[in-house]
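Undergrad: Before I ask anything, here is the structure I am working with.
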Amino acid sequence: MSNPTATTRQRIIAAADTLFAERGFAATSLRSIAAGAGVNLAAANYHFGSKQGLLSAALHARIAPINEVRLQALDDLEARPATISVVKVMDAFFLPFVSGELDGSLPRIIARIHAEPEDLIRPLLTQHFLPVVERFAGALRPLLPHLDSDELRWRLHFAVGAMIHLLIFPTPMGMNAPPAGDSVSETAATTFYRLQQFVVAGLQQGGDTSTEEQRA
């Protein structure tokens with residue numbers, strides 16, 4: 001697992017990434033991460049302070065490239081305001097899932113992360129994802145004037161949930177996985193296009209969220 005050509009910090013993050021994905025946060029010790037990285041325990045404590053600090057760093061290493069691709073795509077889109085639309089904004093949001101930034105281990109890591117206690121993982125996800133979600137909400141708000149800010153936030157929340165579900169379960173129940181010979185990139189592009197259609201339809205739906213009793 002250890003790579004002697006990487007920096008100590010990089011080796012520790014790589015080992016943490018592997019072990020958190022395999023075992024989860026609670027079952028992974030700093031000592032086992034240090035051993036996997038080929039460093040002593042003091043080095044892990046020195047660079048990250050705690051196991052939670054190391055989890056945050058490992059998440060950042062995974063998430064930062066994804067967020068950079070999303071934000072650059074949104075910047076490019078907003079530089080041509082005459083062409084902006086809900087579909088194109090969501091194209092930018094889902095771009096990392098079809099452009100090659102993700103590797104095959106990401107679903108395992110996502111699944112593990114979302115199985116952790118909320119009081120551990122919610123602050124970390126908020127730290128790494130909230131600025132990007134707010135940025136996309138800002139781009140969508142003038143395109144969806146029928147939604148108030150709270151309703152738009154809810155719908156993006158559901159969109160992210162659907163995206164995470166698709167990462168963990170790439171095909172519906174009762175449907176076989178794609179044949180082994182299929183192109184991974186084509187499969188990803190097709191499935192995320194389906195997700196995009198679903199999300200765009202949900203975002204554009206009318207803004208009345210009253211309960212069944214209130215509608216009666």
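So you can find residues: chains in the structure tokens are A, B, ... in the order shown, residues in each start at 1, and ligands are numbered from 1 in order.
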What's around Ile33 in chain A at 10 Å? Count only C-alpha atoms, leave out sequence neighbours fewer than 5 positions away in its own chain, and write the answer as a ChimeraX atom specification.
TA: /A:11-20,28,38-41,44,51,54
Undergrad: Okay, now the selection with N, CA and C atoms, as a CSV table (one decimal), in the first residue's frame?
TA:
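Dumped to result24.csv:
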chain,number,residue,atom,x,y,z
A,11,ARG,N,1.0,9.7,1.4
A,11,ARG,CA,0.9,8.3,1.7
A,11,ARG,C,-0.1,8.0,2.8
A,12,ILE,N,-0.1,8.9,3.8
A,12,ILE,CA,-1.1,8.7,4.8
A,12,ILE,C,-2.5,8.9,4.3
A,13,ILE,N,-2.7,9.9,3.5
A,13,ILE,CA,-4.1,10.1,2.9
A,13,ILE,C,-4.5,8.9,2.0
A,14,ALA,N,-3.5,8.4,1.2
A,14,ALA,CA,-3.8,7.2,0.4
A,14,ALA,C,-4.2,6.0,1.2
A,15,ALA,N,-3.5,5.8,2.3
A,15,ALA,CA,-3.8,4.6,3.2
A,15,ALA,C,-5.1,4.8,3.8
A,16,ALA,N,-5.4,6.0,4.3
A,16,ALA,CA,-6.7,6.3,4.9
A,16,ALA,C,-7.8,6.1,4.0
A,17,ASP,N,-7.6,6.6,2.7
A,17,ASP,CA,-8.7,6.4,1.7
A,17,ASP,C,-9.0,4.9,1.5
A,18,THR,N,-8.0,4.1,1.4
A,18,THR,CA,-8.2,2.6,1.2
A,18,THR,C,-8.9,2.0,2.4
A,19,LEU,N,-8.4,2.3,3.6
A,19,LEU,CA,-8.9,1.7,4.8
A,19,LEU,C,-10.3,2.2,5.2
A,20,PHE,N,-10.6,3.5,5.1
A,20,PHE,CA,-11.9,4.0,5.4
A,20,PHE,C,-12.9,3.3,4.4
A,28,THR,N,-11.5,1.7,11.7
A,28,THR,CA,-10.2,2.0,11.2
A,28,THR,C,-9.4,2.8,12.3
A,38,GLY,N,3.2,3.2,5.9
A,38,GLY,CA,4.7,3.0,6.1
A,38,GLY,C,5.3,4.1,6.9
A,39,VAL,N,4.5,4.7,7.8
A,39,VAL,CA,5.0,5.8,8.7
A,39,VAL,C,4.7,5.5,10.1
A,40,ASN,N,5.3,6.2,11.1
A,40,ASN,CA,5.0,6.0,12.5
A,40,ASN,C,3.7,6.8,12.8
A,41,LEU,N,3.1,6.4,14.0
A,41,LEU,CA,1.9,7.0,14.4
A,41,LEU,C,2.0,8.5,14.7
A,44,ALA,N,1.3,10.6,11.6
A,44,ALA,CA,-0.2,10.7,11.3
A,44,ALA,C,-0.8,11.8,12.2
A,51,LYS,N,-8.1,11.3,13.9
A,51,LYS,CA,-8.7,10.5,12.9
A,51,LYS,C,-9.7,11.3,12.1
A,54,LEU,N,-8.0,13.4,9.6
A,54,LEU,CA,-7.6,12.6,8.5
A,54,LEU,C,-8.7,12.3,7.6
Undergrad: What parts of range 1-117 of chain A does DSSP call helix (DSSP H, G or I)? I'd like the answer as a VMD selection string.
TA: chain A and resid 8 to 23 30 to 37 41 to 48 51 to 78 81 to 83 86 to 97 106 to 113
Undergrad: Which neighbours of Thr83 in chain A fall inside 12 Å, counting only C-alpha atoms, when residues of the same chain fewer than 6 positions from it are skipped, and could you give them as a list in words?
TA: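 Close residues of Thr83 in chain A: Leu74, Asp76, Leu77, Val89 and Leu143 of chain A.
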Undergrad: Save out the residues we just selected, C-alpha atoms, as a CSV table (one decimal), in the first residue's frame.
TA:
chain,number,residue,atom,x,y,z
A,74,LEU,CA,-20.4,26.5,-14.4
A,76,ASP,CA,-17.7,28.7,-18.5
A,77,LEU,CA,-21.5,28.5,-18.8
A,89,VAL,CA,-26.5,24.0,-15.3
A,143,LEU,CA,-34.0,30.2,-14.0
Undergrad: Please list as a ChimeraX atom specification every residue within 12 Å of Ala162 in chain A, counting only C-alpha atoms and excluding residues in the same chain fewer than 6 positions away.
TA: /A:94,155-156,168-170,191-192,194-199,202
Undergrad: Considering only C-alpha atoms, return as JSON, numbers by chain whatever protein or nucleic-acid residues lie within 10 Å of Leu140 in chain A, sequence-local ones (same chain, fewer than 3 positions apart) excluded.
TA: {"A": [84, 85, 86, 87, 89, 90, 134, 135, 136, 137, 143, 144, 145, 147, 152, 203]}
Undergrad: For a quick check of understanding, using only C-alpha atoms, which of A:Gly24, A:Pro81, A:Ala159, A:Leu59 has the smallest distance to Pro117 in chain A?
TA: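 That would be A:Gly24, the residue with the smallest distance to Pro117 in chain A.
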Undergrad: CA of Phe48 in chain A to CA of Thr8 in chain A: how many Å, to one decimal?
TA: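 Distance between the two atoms: 11.5 Å.
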Undergrad: Please measure the separation of CA of Phe25 in chain A and CA of Met173 in chain A, giving the value in Å to one decimal.
TA: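 Interatomic distance here is 28.2 Å.
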Undergrad: Separation of CA of Ser50 in chain A and CA of Leu30 in chain A, in Å?
TA: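 Atom-to-atom, CA of Ser50 in chain A to CA of Leu30 in chain A, that is 8.0 Å.
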